[in-house]
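Visitor: Mind having a look at this structure? Questions to follow.
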Amino acid sequence: MADTTLLLQKSYTLIQQAAINDRNGQYSIALNLYTNGLEGLMSALKLEKNDRVIQTLKIKITEYFNRAEQLKDIIKKGYVAPPLSTSNQSCHDCVTSPPTSHYQPPQPVYRPTAPTAPPPSQYHPIPTNTEDLILPSVPTFNPLPTPPPPFNPSVTGNIPPNTPNLSSLELISSKKIENGSIGNSYETLFGDRLIGCTWIKVEDPYIRTRHQIDNFVKLIELVISKCIFKDLKSPGSNVKLQKPSTKFKIDLTTSTESQQQEDELKITFYQLKDQISNQYNIVFNYQFSSTIHDRSIECSNGYLIKLGRGLDFYQKPPNNNNGLFSQVGTYSQDLKPCLEFNIDIFKK
């Protein structure tokens, strides 16, 4: 726990300052502070061992993340903050501006779990394994007018303008993959269909667990090699890693089994979104649907790839080496045995 104390203290101060600027309508400053605070909290989450603190961190990270995403829409649309309320209504979660220049932001507070907790003045910033973390809340008001809802591919206007009309698609390839067969990497099966894309839409209800998220990252890597750094595998190429000038868009619709799993995935997707945006200029949007069933990859160049099992069609590797080395096929999808599934490719 001691390893996370400094991280939590710094993150607490950043988040508190973010909430102050947020309430005062300084949205760009608030967004930057929320983002920096989130980085510290997510780093602390990886190191934390206390289950209660871990649960609190997940809840608050989700809260701050959602507010940061909302602020991005607010800034983009140029919304202004509503006037501050002049009523005498109390606000227990609000964070007010410091009264003087000598104000020192409070440190993270840990509330003892005993039935008779001491008053706030007796709380101390040094955490132990038997205490719960308390972090500030974001402002509960919304600027006027209300910001637009999160990305939803099913809503007109959120879908890229060149989305193919499904009724006009022609089946150009249909293949059944036998159980246990190899040589079926994403690149082998549909890599060339991605060439020329500027965006893809992925629908797969099973991007939840670690290996399924790894599958999704593999797809992103394929997009990078086929659509962004197109000369990556050319003989004698000397491609340097630098952020491309052209944006690429990836939209994901998936599902979860519980609210807790959704909150955990939001944290994972936030980190993934940040990395691929900064390094590869990829705009990554995602949403969760409780009714999704189909598995497909829709491409801006007119291709629609239907995968019977989605991206998760490889057999689970046997665990017979006591963890001493990685199994053959761990790093090469072509060497991974497959489950039985069908892949159908349509073209506009």
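To be explicit about the labels: the chains of the structure tokens are called A, B, and onward in the order shown, and within each one the residues are counted from 1, while ligands get numbers from 1 in the order they are shown.
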Can you write out as JSON lines which residues of range 247-322 of chain A fall within 12 Å of range 208-212 of chain A, alongside each residue's closest atom pair and its distance in Å to one decimal, counting only C-alpha atoms and ordering rows by chain and ascending residue number?
Guide:
{"residue": "A:Thr253", "atom": "CA", "partner": "A:Arg208", "partner_atom": "CA", "distance": 11.4}
{"residue": "A:Thr254", "atom": "CA", "partner": "A:Arg208", "partner_atom": "CA", "distance": 8.1}
{"residue": "A:Ser255", "atom": "CA", "partner": "A:Arg208", "partner_atom": "CA", "distance": 7.6}
{"residue": "A:Thr256", "atom": "CA", "partner": "A:Arg208", "partner_atom": "CA", "distance": 6.7}
{"residue": "A:Glu257", "atom": "CA", "partner": "A:Arg208", "partner_atom": "CA", "distance": 8.8}
{"residue": "A:Ser258", "atom": "CA", "partner": "A:Arg208", "partner_atom": "CA", "distance": 10.7}
{"residue": "A:Gln260", "atom": "CA", "partner": "A:Arg208", "partner_atom": "CA", "distance": 11.6}
{"residue": "A:Gln261", "atom": "CA", "partner": "A:Arg208", "partner_atom": "CA", "distance": 7.8}
{"residue": "A:Glu262", "atom": "CA", "partner": "A:Arg208", "partner_atom": "CA", "distance": 8.5}
{"residue": "A:Asp263", "atom": "CA", "partner": "A:Arg208", "partner_atom": "CA", "distance": 11.1}
{"residue": "A:Glu264", "atom": "CA", "partner": "A:Arg208", "partner_atom": "CA", "distance": 9.3}
{"residue": "A:Leu265", "atom": "CA", "partner": "A:Arg208", "partner_atom": "CA", "distance": 7.0}
{"residue": "A:Lys266", "atom": "CA", "partner": "A:Arg208", "partner_atom": "CA", "distance": 10.5}
{"residue": "A:Thr268", "atom": "CA", "partner": "A:Arg210", "partner_atom": "CA", "distance": 9.9}
{"residue": "A:Phe269", "atom": "CA", "partner": "A:Arg208", "partner_atom": "CA", "distance": 10.6}
{"residue": "A:Phe288", "atom": "CA", "partner": "A:Arg208", "partner_atom": "CA", "distance": 10.7}
{"residue": "A:Arg309", "atom": "CA", "partner": "A:Gln212", "partner_atom": "CA", "distance": 11.7}
{"residue": "A:Gly310", "atom": "CA", "partner": "A:Gln212", "partner_atom": "CA", "distance": 9.9}
{"residue": "A:Leu311", "atom": "CA", "partner": "A:Gln212", "partner_atom": "CA", "distance": 7.5}
{"residue": "A:Asp312", "atom": "CA", "partner": "A:Gln212", "partner_atom": "CA", "distance": 6.2}
{"residue": "A:Phe313", "atom": "CA", "partner": "A:Gln212", "partner_atom": "CA", "distance": 9.8}
{"residue": "A:Tyr314", "atom": "CA", "partner": "A:Gln212", "partner_atom": "CA", "distance": 10.2}
{"residue": "A:Gln315", "atom": "CA", "partner": "A:His211", "partner_atom": "CA", "distance": 11.3}
{"residue": "A:Lys316", "atom": "CA", "partner": "A:His211", "partner_atom": "CA", "distance": 9.6}
{"residue": "A:Pro317", "atom": "CA", "partner": "A:His211", "partner_atom": "CA", "distance": 11.2}
Visitor: With C-alpha atoms retained, could you export that selection as an mmCIF file, in the first residue's frame?
Guide:
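result33.cif written:
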data_model
loop_
_atom_site.group_PDB
_atom_site.id
_atom_site.type_symbol
_atom_site.label_atom_id
_atom_site.label_comp_id
_atom_site.auth_asym_id
_atom_site.auth_seq_id
_atom_site.Cartn_x
_atom_site.Cartn_y
_atom_site.Cartn_z
ATOM 1 C CA THR A 253 -19.714 -2.113 -30.163
ATOM 2 C CA THR A 254 -19.466 -4.880 -27.577
ATOM 3 C CA SER A 255 -21.281 -6.134 -24.464
ATOM 4 C CA THR A 256 -20.615 -6.977 -20.839
ATOM 5 C CA GLU A 257 -22.020 -9.340 -18.237
ATOM 6 C CA SER A 258 -22.235 -6.824 -15.387
ATOM 7 C CA GLN A 260 -18.592 -3.965 -12.723
ATOM 8 C CA GLN A 261 -17.172 -5.557 -15.863
ATOM 9 C CA GLU A 262 -18.276 -2.550 -17.912
ATOM 10 C CA ASP A 263 -16.556 -0.166 -15.493
ATOM 11 C CA GLU A 264 -13.339 -2.195 -15.689
ATOM 12 C CA LEU A 265 -13.478 -2.238 -19.495
ATOM 13 C CA LYS A 266 -13.935 1.539 -19.571
ATOM 14 C CA THR A 268 -8.922 -0.491 -20.153
ATOM 15 C CA PHE A 269 -10.395 1.197 -23.224
ATOM 16 C CA PHE A 288 -21.825 -1.267 -24.875
ATOM 17 C CA ARG A 309 -17.283 -16.465 -33.805
ATOM 18 C CA GLY A 310 -16.118 -12.861 -33.934
ATOM 19 C CA LEU A 311 -12.435 -12.247 -33.254
ATOM 20 C CA ASP A 312 -12.277 -14.983 -30.606
ATOM 21 C CA PHE A 313 -12.044 -18.078 -32.821
ATOM 22 C CA TYR A 314 -8.760 -19.589 -31.622
ATOM 23 C CA GLN A 315 -8.550 -22.623 -29.362
ATOM 24 C CA LYS A 316 -7.421 -22.131 -25.807
ATOM 25 C CA PRO A 317 -3.735 -23.136 -25.607
#
Visitor: Could you give me, as a PyMOL selection string, the residues within 10 Å of Lys218 in chain A, counting only C-alpha atoms and dropping anything in the same chain fewer than 4 positions from it?
Guide: chain A and resi 185-187+212-214+222-224+311+333
Visitor: Could you save those same residues with all heavy atoms as a PDB file, in the first residue's frame?
Guide:
ATOM      1  N   SER A 185      -4.582 -16.515 -39.543  1.00  0.00           N
ATOM      2  CA  SER A 185      -4.406 -15.241 -38.847  1.00  0.00           C
ATOM      3  C   SER A 185      -5.386 -14.225 -39.416  1.00  0.00           C
ATOM      4  O   SER A 185      -5.956 -14.407 -40.490  1.00  0.00           O
ATOM      5  CB  SER A 185      -2.981 -14.724 -39.008  1.00  0.00           C
ATOM      6  OG  SER A 185      -2.720 -14.421 -40.373  1.00  0.00           O
ATOM      7  N   TYR A 186      -5.572 -13.117 -38.689  1.00  0.00           N
ATOM      8  CA  TYR A 186      -6.426 -12.058 -39.205  1.00  0.00           C
ATOM      9  C   TYR A 186      -5.897 -11.547 -40.542  1.00  0.00           C
ATOM     10  O   TYR A 186      -6.663 -11.282 -41.465  1.00  0.00           O
ATOM     11  CB  TYR A 186      -6.488 -10.885 -38.210  1.00  0.00           C
ATOM     12  CG  TYR A 186      -7.109 -11.218 -36.869  1.00  0.00           C
ATOM     13  CD1 TYR A 186      -6.913 -10.387 -35.771  1.00  0.00           C
ATOM     14  CD2 TYR A 186      -7.901 -12.345 -36.697  1.00  0.00           C
ATOM     15  CE1 TYR A 186      -7.486 -10.677 -34.538  1.00  0.00           C
ATOM     16  CE2 TYR A 186      -8.472 -12.646 -35.473  1.00  0.00           C
ATOM     17  CZ  TYR A 186      -8.254 -11.808 -34.397  1.00  0.00           C
ATOM     18  OH  TYR A 186      -8.812 -12.090 -33.178  1.00  0.00           O
ATOM     19  N   GLU A 187      -4.585 -11.437 -40.646  1.00  0.00           N
ATOM     20  CA  GLU A 187      -3.995 -10.941 -41.887  1.00  0.00           C
ATOM     21  C   GLU A 187      -4.252 -11.902 -43.036  1.00  0.00           C
ATOM     22  O   GLU A 187      -4.568 -11.484 -44.153  1.00  0.00           O
ATOM     23  CB  GLU A 187      -2.494 -10.714 -41.717  1.00  0.00           C
ATOM     24  CG  GLU A 187      -1.819 -10.168 -42.960  1.00  0.00           C
ATOM     25  CD  GLU A 187      -0.392  -9.746 -42.725  1.00  0.00           C
ATOM     26  OE1 GLU A 187       0.147 -10.067 -41.643  1.00  0.00           O
ATOM     27  OE2 GLU A 187       0.196  -9.110 -43.609  1.00  0.00           O
ATOM     28  N   GLN A 212      -9.449 -11.730 -25.107  1.00  0.00           N
ATOM     29  CA  GLN A 212     -10.312 -11.133 -26.126  1.00  0.00           C
ATOM     30  C   GLN A 212      -9.887  -9.697 -26.425  1.00  0.00           C
ATOM     31  O   GLN A 212      -9.937  -9.261 -27.587  1.00  0.00           O
ATOM     32  CB  GLN A 212     -11.768 -11.189 -25.665  1.00  0.00           C
ATOM     33  CG  GLN A 212     -12.321 -12.610 -25.617  1.00  0.00           C
ATOM     34  CD  GLN A 212     -13.633 -12.704 -24.879  1.00  0.00           C
ATOM     35  OE1 GLN A 212     -14.062 -11.782 -24.178  1.00  0.00           O
ATOM     36  NE2 GLN A 212     -14.310 -13.834 -25.021  1.00  0.00           N
ATOM     37  N   ILE A 213      -9.469  -8.969 -25.405  1.00  0.00           N
ATOM     38  CA  ILE A 213      -8.939  -7.620 -25.625  1.00  0.00           C
ATOM     39  C   ILE A 213      -7.643  -7.696 -26.418  1.00  0.00           C
ATOM     40  O   ILE A 213      -7.386  -6.871 -27.305  1.00  0.00           O
ATOM     41  CB  ILE A 213      -8.720  -6.912 -24.280  1.00  0.00           C
ATOM     42  CG1 ILE A 213     -10.063  -6.699 -23.574  1.00  0.00           C
ATOM     43  CG2 ILE A 213      -8.016  -5.569 -24.473  1.00  0.00           C
ATOM     44  CD1 ILE A 213      -9.947  -6.212 -22.159  1.00  0.00           C
ATOM     45  N   ASP A 214      -6.806  -8.728 -26.126  1.00  0.00           N
ATOM     46  CA  ASP A 214      -5.579  -8.924 -26.905  1.00  0.00           C
ATOM     47  C   ASP A 214      -5.908  -9.167 -28.376  1.00  0.00           C
ATOM     48  O   ASP A 214      -5.198  -8.688 -29.276  1.00  0.00           O
ATOM     49  CB  ASP A 214      -4.776 -10.093 -26.348  1.00  0.00           C
ATOM     50  CG  ASP A 214      -4.098  -9.763 -25.018  1.00  0.00           C
ATOM     51  OD1 ASP A 214      -3.979  -8.566 -24.701  1.00  0.00           O
ATOM     52  OD2 ASP A 214      -3.695 -10.698 -24.313  1.00  0.00           O
ATOM     53  N   LEU A 222      -3.121  -4.836 -37.095  1.00  0.00           N
ATOM     54  CA  LEU A 222      -3.301  -5.121 -38.520  1.00  0.00           C
ATOM     55  C   LEU A 222      -3.729  -3.864 -39.262  1.00  0.00           C
ATOM     56  O   LEU A 222      -3.257  -3.592 -40.378  1.00  0.00           O
ATOM     57  CB  LEU A 222      -4.335  -6.237 -38.702  1.00  0.00           C
ATOM     58  CG  LEU A 222      -4.603  -6.697 -40.132  1.00  0.00           C
ATOM     59  CD1 LEU A 222      -3.336  -7.242 -40.785  1.00  0.00           C
ATOM     60  CD2 LEU A 222      -5.715  -7.751 -40.156  1.00  0.00           C
ATOM     61  N   VAL A 223      -4.625  -3.101 -38.667  1.00  0.00           N
ATOM     62  CA  VAL A 223      -5.053  -1.834 -39.266  1.00  0.00           C
ATOM     63  C   VAL A 223      -3.864  -0.902 -39.442  1.00  0.00           C
ATOM     64  O   VAL A 223      -3.702  -0.258 -40.491  1.00  0.00           O
ATOM     65  CB  VAL A 223      -6.137  -1.171 -38.380  1.00  0.00           C
ATOM     66  CG1 VAL A 223      -6.323   0.296 -38.765  1.00  0.00           C
ATOM     67  CG2 VAL A 223      -7.452  -1.913 -38.494  1.00  0.00           C
ATOM     68  N   ILE A 224      -3.003  -0.823 -38.436  1.00  0.00           N
ATOM     69  CA  ILE A 224      -1.838   0.065 -38.501  1.00  0.00           C
ATOM     70  C   ILE A 224      -0.918  -0.335 -39.651  1.00  0.00           C
ATOM     71  O   ILE A 224      -0.416   0.510 -40.403  1.00  0.00           O
ATOM     72  CB  ILE A 224      -1.084   0.042 -37.163  1.00  0.00           C
ATOM     73  CG1 ILE A 224      -1.932   0.703 -36.069  1.00  0.00           C
ATOM     74  CG2 ILE A 224       0.264   0.757 -37.277  1.00  0.00           C
ATOM     75  CD1 ILE A 224      -1.378   0.543 -34.676  1.00  0.00           C
ATOM     76  N   LEU A 311     -13.898 -12.196 -33.256  1.00  0.00           N
ATOM     77  CA  LEU A 311     -12.435 -12.247 -33.254  1.00  0.00           C
ATOM     78  C   LEU A 311     -11.896 -13.395 -32.402  1.00  0.00           C
ATOM     79  O   LEU A 311     -10.719 -13.754 -32.515  1.00  0.00           O
ATOM     80  CB  LEU A 311     -11.862 -10.927 -32.735  1.00  0.00           C
ATOM     81  CG  LEU A 311     -12.167  -9.678 -33.578  1.00  0.00           C
ATOM     82  CD1 LEU A 311     -11.649  -8.429 -32.869  1.00  0.00           C
ATOM     83  CD2 LEU A 311     -11.546  -9.790 -34.968  1.00  0.00           C
ATOM     84  N   GLN A 333      -0.440 -15.796 -34.950  1.00  0.00           N
ATOM     85  CA  GLN A 333      -1.810 -16.276 -35.092  1.00  0.00           C
ATOM     86  C   GLN A 333      -1.910 -17.408 -36.105  1.00  0.00           C
ATOM     87  O   GLN A 333      -2.774 -18.283 -35.975  1.00  0.00           O
ATOM     88  CB  GLN A 333      -2.722 -15.122 -35.511  1.00  0.00           C
ATOM     89  CG  GLN A 333      -3.001 -14.113 -34.415  1.00  0.00           C
ATOM     90  CD  GLN A 333      -4.013 -13.072 -34.850  1.00  0.00           C
ATOM     91  OE1 GLN A 333      -4.020 -12.636 -36.014  1.00  0.00           O
ATOM     92  NE2 GLN A 333      -4.865 -12.650 -33.933  1.00  0.00           N
TER      93      GLN A 333
END
Visitor: Write out as a PyMOL selection string which residues come within 6 Å of Phe248 in chain A when counting only C-alpha atoms, dropping same-chain ones fewer than 6 positions away.
Guide: chain A and resi 198-199+282
Visitor: Using N, CA and C atoms, can you export the residues from the last selection as a PDB file, in the first residue's frame?
Guide:
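Saved the output as part-v1.pdb:
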ATOM      1  N   THR A 198     -10.359   4.080 -44.276  1.00  0.00           N
ATOM      2  CA  THR A 198     -10.146   5.244 -43.416  1.00  0.00           C
ATOM      3  C   THR A 198     -10.853   5.061 -42.078  1.00  0.00           C
ATOM      4  N   TRP A 199     -11.742   4.072 -41.989  1.00  0.00           N
ATOM      5  CA  TRP A 199     -12.394   3.720 -40.731  1.00  0.00           C
ATOM      6  C   TRP A 199     -12.918   2.293 -40.808  1.00  0.00           C
ATOM      7  N   ILE A 282      -5.233   7.438 -34.176  1.00  0.00           N
ATOM      8  CA  ILE A 282      -6.439   6.633 -34.326  1.00  0.00           C
ATOM      9  C   ILE A 282      -7.496   7.137 -33.350  1.00  0.00           C
TER      10      ILE A 282
END
Visitor: Determine which residues of range 189-346 of chain A receive a DSSP assignment of strand (DSSP E or B), computed from the backbone, and state them as an NGL selection string.
Guide: :A and (199-203 or 248-254 or 282-288 or 296-299 or 303-307 or 314 or 338 or 341-346)
Visitor: Restricted to C-alpha atoms, what would the selected residues look like written as a PDB file, in the first residue's frame?
Guide:
ATOM      1  CA  TRP A 199     -12.394   3.720 -40.731  1.00  0.00           C
ATOM      2  CA  ILE A 200     -13.748   0.390 -39.559  1.00  0.00           C
ATOM      3  CA  LYS A 201     -16.706  -0.537 -37.361  1.00  0.00           C
ATOM      4  CA  VAL A 202     -16.352  -3.656 -35.229  1.00  0.00           C
ATOM      5  CA  GLU A 203     -19.348  -5.425 -33.710  1.00  0.00           C
ATOM      6  CA  PHE A 248      -8.110   6.706 -38.763  1.00  0.00           C
ATOM      7  CA  LYS A 249     -11.338   5.844 -36.962  1.00  0.00           C
ATOM      8  CA  ILE A 250     -12.224   2.604 -35.156  1.00  0.00           C
ATOM      9  CA  ASP A 251     -15.699   2.169 -33.675  1.00  0.00           C
ATOM     10  CA  LEU A 252     -16.383  -0.795 -31.396  1.00  0.00           C
ATOM     11  CA  THR A 253     -19.714  -2.113 -30.163  1.00  0.00           C
ATOM     12  CA  THR A 254     -19.466  -4.880 -27.577  1.00  0.00           C
ATOM     13  CA  ILE A 282      -6.439   6.633 -34.326  1.00  0.00           C
ATOM     14  CA  VAL A 283      -9.796   7.871 -33.048  1.00  0.00           C
ATOM     15  CA  PHE A 284     -11.235   5.021 -30.968  1.00  0.00           C
ATOM     16  CA  ASN A 285     -14.920   5.113 -29.977  1.00  0.00           C
ATOM     17  CA  TYR A 286     -16.757   2.357 -28.157  1.00  0.00           C
ATOM     18  CA  GLN A 287     -20.164   1.584 -26.739  1.00  0.00           C
ATOM     19  CA  PHE A 288     -21.825  -1.267 -24.875  1.00  0.00           C
ATOM     20  CA  SER A 296     -18.728  -8.247 -38.102  1.00  0.00           C
ATOM     21  CA  ILE A 297     -16.110  -5.780 -39.314  1.00  0.00           C
ATOM     22  CA  GLU A 298     -17.466  -3.065 -41.583  1.00  0.00           C
ATOM     23  CA  CYS A 299     -14.920  -1.158 -43.676  1.00  0.00           C
ATOM     24  CA  TYR A 303     -16.153  -4.580 -47.478  1.00  0.00           C
ATOM     25  CA  LEU A 304     -18.188  -6.264 -44.774  1.00  0.00           C
ATOM     26  CA  ILE A 305     -16.482  -9.165 -42.990  1.00  0.00           C
ATOM     27  CA  LYS A 306     -18.809 -11.535 -41.136  1.00  0.00           C
ATOM     28  CA  LEU A 307     -17.082 -13.748 -38.558  1.00  0.00           C
ATOM     29  CA  TYR A 314      -8.760 -19.589 -31.622  1.00  0.00           C
ATOM     30  CA  CYS A 338      -8.816 -22.630 -34.630  1.00  0.00           C
ATOM     31  CA  PHE A 341     -16.407 -21.147 -37.744  1.00  0.00           C
ATOM     32  CA  ASN A 342     -17.516 -19.509 -40.983  1.00  0.00           C
ATOM     33  CA  ILE A 343     -16.175 -16.303 -42.523  1.00  0.00           C
ATOM     34  CA  ASP A 344     -18.227 -14.512 -45.167  1.00  0.00           C
ATOM     35  CA  ILE A 345     -16.955 -11.423 -46.982  1.00  0.00           C
ATOM     36  CA  PHE A 346     -19.323  -9.049 -48.765  1.00  0.00           C
TER      37      PHE A 346
END
Visitor: Here is a test: counting only C-alpha atoms, which residue of A:Lys58, A:Lys72, A:Lys176, A:Arg23 is nearest to Thr35 in chain A?
Guide: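 Distance minimum relative to Thr35 in chain A lands on A:Lys72.
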Visitor: Between A:Asp334, A:Glu221, A:Asp22, A:Glu170, single out the one closest to Arg67 in chain A, counting only C-alpha atoms.
Guide: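 Of all the options, A:Asp22 lies closest to Arg67 in chain A.
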Visitor: Using only C-alpha atoms, which residues sit within 8 Å of Asn301 in chain A once same-chain residues fewer than 4 positions away are excluded, as a list in words?
Guide: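 Using only C-alpha atoms, the neighbours found are Leu194, Gly196, Cys197 and Thr198 of chain A.
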Visitor: Atoms to include: N, CA, C and O atoms. Write the selected residues as a short mmCIF file (atom, residue, chain, number, x, y, z; two decimals), in the first residue's frame.
Guide:
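Below is the file that was written, result_33.cif:
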data_model
loop_
_atom_site.label_atom_id
_atom_site.label_comp_id
_atom_site.auth_asym_id
_atom_site.auth_seq_id
_atom_site.Cartn_x
_atom_site.Cartn_y
_atom_site.Cartn_z
N LEU A 194 -8.68 -4.73 -45.82
CA LEU A 194 -8.60 -3.48 -45.07
C LEU A 194 -7.86 -2.38 -45.82
O LEU A 194 -7.93 -1.21 -45.46
N GLY A 196 -6.84 0.54 -47.97
CA GLY A 196 -7.61 1.68 -48.47
C GLY A 196 -8.66 2.19 -47.50
O GLY A 196 -9.37 3.16 -47.81
N CYS A 197 -8.77 1.58 -46.33
CA CYS A 197 -9.77 2.02 -45.34
C CYS A 197 -9.35 3.32 -44.67
O CYS A 197 -8.17 3.59 -44.47
N THR A 198 -10.36 4.08 -44.28
CA THR A 198 -10.15 5.24 -43.42
C THR A 198 -10.85 5.06 -42.08
O THR A 198 -10.62 5.83 -41.15
#
Visitor: Using only C-alpha atoms, can you tell me which of A:Ile61, A:Leu135, A:Ile228, A:Leu31 comes closest to Asp73 in chain A?
Guide: A:Leu31
Visitor: One decimal, Å: what's the distance from CA of Ile292 in chain A over to CA of Asp204 in chain A, could you say?
Guide: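 These two atoms are separated by 7.7 Å.
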